[in-house]
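Below is one structure, written out as structure tokens, with a few remarks after it.
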Amino acid sequence: MKIQPKTLVFAGIVVVVMASLYGLWYLNVRPLTRAEALTQIHTALIASQSNNASSSGMQVRIVSTRFGIDDAFAAGTYEHDGAQVLVPNQPFHAASIGKLFTAVTIMQLAEEGTLDIADPVADYLAAEVLAGLFVHGGVDYAGEVTIGQLMEHTSGVADYFADPVDSGVTVQQDITQNLDTLWTPEMLLAVSRQRQHAVGTPGKQFHYSDTGYVLLGLVIERIEQKPFHQVLADRFFVPLAMVDSYMPYRSTPTNPQPLPMADAWVDGVNVRAARSISADWAGGGVVTTPNDLLRFSQALHNYSLISKASYLRMITMRNPFRTGLYYGVGMMAVRFGEFSWALDFLPESLGHIGILSTHLWYEPMTDTTIVLNYGSTDRVESSFMDLITIKTTLRRIVTAQP
């Protein structure tokens, strides 16, 4: 079944959440020990997996200082020389969670003095790279677009991945129809340049755009004078011991015995082994594991990767994305109370999500990190419901226990 574009895919979440409020209310009745809470969480996850209409498995990683939890869970299988049992730390395609790596790299470069996010992107990229991407109402705004606007999706550029095209199919559709295509940044930009139109003028409206993050990746390469995948390795994968993280068809993990990548179902097609999975690049082309993402998240939120000032800039949520979801400067926030009044007790979480039902969330109030991979475009709603179940159940733990 064909899903809606990225910017619309969350519209059904509110309905699902509202239909489940009575069950969620019950979850807040009786205190639980840690063992009881984990049992309830695992039971709920097993039920969710058994109700899964797609063929994808699930991985869940929960680490919480406040609730004393360090848990890894997996269910289902993946295809590799036949069906194999999915394990908790299986590598998976993180999809748009990868935008965090791009955004943090830009903030690091800003701190190093090699750019300012208020700079025009035209200061770093040639005119031919930007040509045709920012023409709106007959006016070319390429010279006015800033790096910061690309980061927060307010540049006005179209989204090559899912926006309508004048001819042919979107990249999202092409991924499943032409599995052997190895996408380059130039090919991705050409989609927006030749078959799409800018959606607005710089700084005037929010419009989620992978095209903008491809441009950020090119800015990074221009400054660093090395391939984007090497920048990620040098700045994150190696120093943080993210041994299972890499960009497929561009780099390899440092783990000498890496596990195969989990399935990645796009519109009902498993693109796990397809070259076309290269279509995300700097907009989310990272394969990683729950443990590796945990290391990255902890380093980001304790200011080891960027300064507190840069971090606060990233988490300033300037734009609504969908109901309950907001976007800052390369960072997302989920505010559960906007799904329903009955969820208002759940604190805001910071991080990012991906179209493959991938999640990386950090809850500052309780120092809790949650990583989810459901590996399918068809499981966004169920992944959010399980996220809510996890967060609600954690709050029933008696934190005074030894």
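Quick note on naming: the chains in the structure tokens go A, B, ... in the order shown, residues restart at 1 in each chain, and ligands are numbered from 1 in order of appearance.
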**Prompt:** Which residues, written as a PyMOL selection string, have at least one atom at most 9 Å from A:Ser192, with only C-alpha atoms counted and residues fewer than 3 positions away on the same chain left out?
**Reply:** chain A and resi 132-133+157-161+163+165+188-189+195-198+211
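Distance check against A:Asn51 using only C-alpha atoms: of A:Gly268, A:Gly76, A:Gly143, A:Gly68, the minimum falls on A:Gly76.
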**Request:** Can you pull out every residue within 12 Å of A:Asp70, counting only C-alpha atoms, but drop anything in the same chain fewer than 2 positions away, and send it as a ChimeraX atom specification?
**Result:** /A:34-35,38,60-68,72-73,291,294,367-371,394
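Minimum atom-to-atom distances from A:His352, A:Thr184, A:Glu363, A:Val398 to A:Arg275 were compared using only C-alpha atoms, and the lowest value belongs to A:Thr184.
Shortest separation to A:Tyr246 among A:Ile390, A:Phe92, A:Gly375, A:Thr105 occurs at residue A:Phe92, atoms counted being only C-alpha atoms.
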**Item:** Contacts of A:Leu360 at 12 Å (only C-alpha atoms; same-chain gap of 3+ positions) as a PyMOL selection string
**Value:** chain A and resi 59-63+94-100+288-298+300+331-334+349-354+357+363+368-373+383-384+387
**Asked** Would you give me, as a ChimeraX atom specification, the residues in stretch 69-312 of chain A that DSSP reads as alpha helix (DSSP H)?
**Response** /A:99-111,127-130,147-151,171-177,185-195,210-224,228-232,290-301,308-312
Since we have the selection now, will you write its residues out, keeping C-alpha atoms, as a PDB file, in the first residue's frame?
```pdb
ATOM      1  CA  LYS A  99      19.781  14.390   9.574  1.00  0.00           C
ATOM      2  CA  LEU A 100      21.018  14.789  13.146  1.00  0.00           C
ATOM      3  CA  PHE A 101      24.555  13.882  12.041  1.00  0.00           C
ATOM      4  CA  THR A 102      24.400  16.454   9.250  1.00  0.00           C
ATOM      5  CA  ALA A 103      23.015  19.182  11.518  1.00  0.00           C
ATOM      6  CA  VAL A 104      25.497  18.516  14.318  1.00  0.00           C
ATOM      7  CA  THR A 105      28.374  18.618  11.813  1.00  0.00           C
ATOM      8  CA  ILE A 106      27.211  22.058  10.642  1.00  0.00           C
ATOM      9  CA  MET A 107      27.057  23.266  14.254  1.00  0.00           C
ATOM     10  CA  GLN A 108      30.571  21.934  14.861  1.00  0.00           C
ATOM     11  CA  LEU A 109      31.870  23.761  11.798  1.00  0.00           C
ATOM     12  CA  ALA A 110      30.196  26.930  13.064  1.00  0.00           C
ATOM     13  CA  GLU A 111      31.946  26.552  16.422  1.00  0.00           C
ATOM     14  CA  ALA A 127      25.872  28.870  -8.882  1.00  0.00           C
ATOM     15  CA  GLU A 128      25.314  25.833 -11.080  1.00  0.00           C
ATOM     16  CA  VAL A 129      24.683  23.657  -8.010  1.00  0.00           C
ATOM     17  CA  LEU A 130      21.925  25.992  -6.799  1.00  0.00           C
ATOM     18  CA  ILE A 147      22.550  27.537   5.848  1.00  0.00           C
ATOM     19  CA  GLY A 148      20.261  27.861   8.857  1.00  0.00           C
ATOM     20  CA  GLN A 149      17.173  27.934   6.640  1.00  0.00           C
ATOM     21  CA  LEU A 150      18.262  24.669   5.030  1.00  0.00           C
ATOM     22  CA  MET A 151      18.731  23.150   8.489  1.00  0.00           C
ATOM     23  CA  VAL A 171      12.368   9.310  -5.684  1.00  0.00           C
ATOM     24  CA  GLN A 172      10.413   7.476  -2.982  1.00  0.00           C
ATOM     25  CA  GLN A 173       8.621   5.536  -5.728  1.00  0.00           C
ATOM     26  CA  ASP A 174      11.757   5.152  -7.838  1.00  0.00           C
ATOM     27  CA  ILE A 175      13.573   3.462  -4.953  1.00  0.00           C
ATOM     28  CA  THR A 176      11.177   0.522  -5.166  1.00  0.00           C
ATOM     29  CA  GLN A 177      10.935   0.417  -8.958  1.00  0.00           C
ATOM     30  CA  PRO A 185      23.902  14.007  -4.670  1.00  0.00           C
ATOM     31  CA  GLU A 186      23.873  15.511  -8.158  1.00  0.00           C
ATOM     32  CA  MET A 187      21.151  13.099  -9.272  1.00  0.00           C
ATOM     33  CA  LEU A 188      19.049  13.928  -6.225  1.00  0.00           C
ATOM     34  CA  LEU A 189      19.342  17.682  -6.784  1.00  0.00           C
ATOM     35  CA  ALA A 190      18.453  17.189 -10.437  1.00  0.00           C
ATOM     36  CA  VAL A 191      15.046  15.840  -9.419  1.00  0.00           C
ATOM     37  CA  SER A 192      14.154  19.083  -7.624  1.00  0.00           C
ATOM     38  CA  ARG A 193      15.815  21.225 -10.287  1.00  0.00           C
ATOM     39  CA  GLN A 194      14.270  19.615 -13.355  1.00  0.00           C
ATOM     40  CA  ARG A 195      10.983  18.084 -12.225  1.00  0.00           C
ATOM     41  CA  ASP A 210      15.643  16.268   1.912  1.00  0.00           C
ATOM     42  CA  THR A 211      16.908  18.424  -0.953  1.00  0.00           C
ATOM     43  CA  GLY A 212      17.997  21.042   1.560  1.00  0.00           C
ATOM     44  CA  TYR A 213      20.004  18.459   3.498  1.00  0.00           C
ATOM     45  CA  VAL A 214      21.749  17.270   0.349  1.00  0.00           C
ATOM     46  CA  LEU A 215      22.908  20.871  -0.101  1.00  0.00           C
ATOM     47  CA  LEU A 216      24.127  20.878   3.509  1.00  0.00           C
ATOM     48  CA  GLY A 217      26.094  17.718   2.800  1.00  0.00           C
ATOM     49  CA  LEU A 218      27.754  19.436  -0.163  1.00  0.00           C
ATOM     50  CA  VAL A 219      28.589  22.449   2.027  1.00  0.00           C
ATOM     51  CA  ILE A 220      30.234  20.084   4.507  1.00  0.00           C
ATOM     52  CA  GLU A 221      32.253  18.406   1.751  1.00  0.00           C
ATOM     53  CA  ARG A 222      33.297  21.798   0.386  1.00  0.00           C
ATOM     54  CA  ILE A 223      34.657  22.918   3.761  1.00  0.00           C
ATOM     55  CA  GLU A 224      36.125  19.619   4.913  1.00  0.00           C
ATOM     56  CA  PHE A 228      30.605  13.212   3.417  1.00  0.00           C
ATOM     57  CA  HIS A 229      30.821   9.606   4.597  1.00  0.00           C
ATOM     58  CA  GLN A 230      34.419  10.187   5.691  1.00  0.00           C
ATOM     59  CA  VAL A 231      33.365  13.280   7.646  1.00  0.00           C
ATOM     60  CA  LEU A 232      30.818  11.188   9.562  1.00  0.00           C
ATOM     61  CA  PRO A 290      20.551   0.915  18.637  1.00  0.00           C
ATOM     62  CA  ASN A 291      23.758   0.830  20.695  1.00  0.00           C
ATOM     63  CA  ASP A 292      25.577   3.157  18.305  1.00  0.00           C
ATOM     64  CA  LEU A 293      22.674   5.616  18.271  1.00  0.00           C
ATOM     65  CA  LEU A 294      22.617   5.491  22.061  1.00  0.00           C
ATOM     66  CA  ARG A 295      26.278   6.555  22.136  1.00  0.00           C
ATOM     67  CA  PHE A 296      25.615   9.374  19.701  1.00  0.00           C
ATOM     68  CA  SER A 297      22.534  10.576  21.580  1.00  0.00           C
ATOM     69  CA  GLN A 298      24.287  10.584  24.946  1.00  0.00           C
ATOM     70  CA  ALA A 299      27.239  12.529  23.532  1.00  0.00           C
ATOM     71  CA  LEU A 300      24.928  15.043  21.860  1.00  0.00           C
ATOM     72  CA  HIS A 301      22.730  15.709  24.856  1.00  0.00           C
ATOM     73  CA  LYS A 308      25.456  24.097  25.228  1.00  0.00           C
ATOM     74  CA  ALA A 309      24.776  27.287  23.286  1.00  0.00           C
ATOM     75  CA  SER A 310      24.734  25.395  19.980  1.00  0.00           C
ATOM     76  CA  TYR A 311      22.616  22.661  21.514  1.00  0.00           C
ATOM     77  CA  LEU A 312      20.042  25.155  22.789  1.00  0.00           C
TER      78      LEU A 312
END
```
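Between atom CA of A:Ala233 and atom CA of A:Gly284 the separation is 14.6 Å.
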**Message:** Could you pull out the strand (DSSP E) residues of stretch 177-303 of chain A, going by DSSP on the backbone, and write them as a PyMOL selection string?
**Reply:** chain A and resi 265-266+269-270+287-288
Could you take the residues named above and write them with N, CA and C atoms, as a short mmCIF file (atom, residue, chain, number, x, y, z; two decimals), in the first residue's frame?
```
data_model
loop_
_atom_site.label_atom_id
_atom_site.label_comp_id
_atom_site.auth_asym_id
_atom_site.auth_seq_id
_atom_site.Cartn_x
_atom_site.Cartn_y
_atom_site.Cartn_z
N TRP A 265 11.54 -1.88 4.52
CA TRP A 265 10.39 -2.01 3.63
C TRP A 265 9.86 -0.62 3.27
N VAL A 266 9.91 -0.30 1.98
CA VAL A 266 9.39 0.97 1.46
C VAL A 266 8.20 0.65 0.57
N VAL A 269 7.95 -2.93 -0.47
CA VAL A 269 9.10 -3.54 -1.16
C VAL A 269 10.30 -3.52 -0.22
N ASN A 270 10.95 -4.65 -0.06
CA ASN A 270 12.12 -4.73 0.80
C ASN A 270 13.35 -4.26 0.03
N VAL A 287 23.41 3.74 8.06
CA VAL A 287 23.06 2.46 8.69
C VAL A 287 23.76 2.42 10.03
N THR A 288 23.06 2.05 11.06
CA THR A 288 23.61 2.09 12.41
C THR A 288 22.92 1.03 13.27
#
```
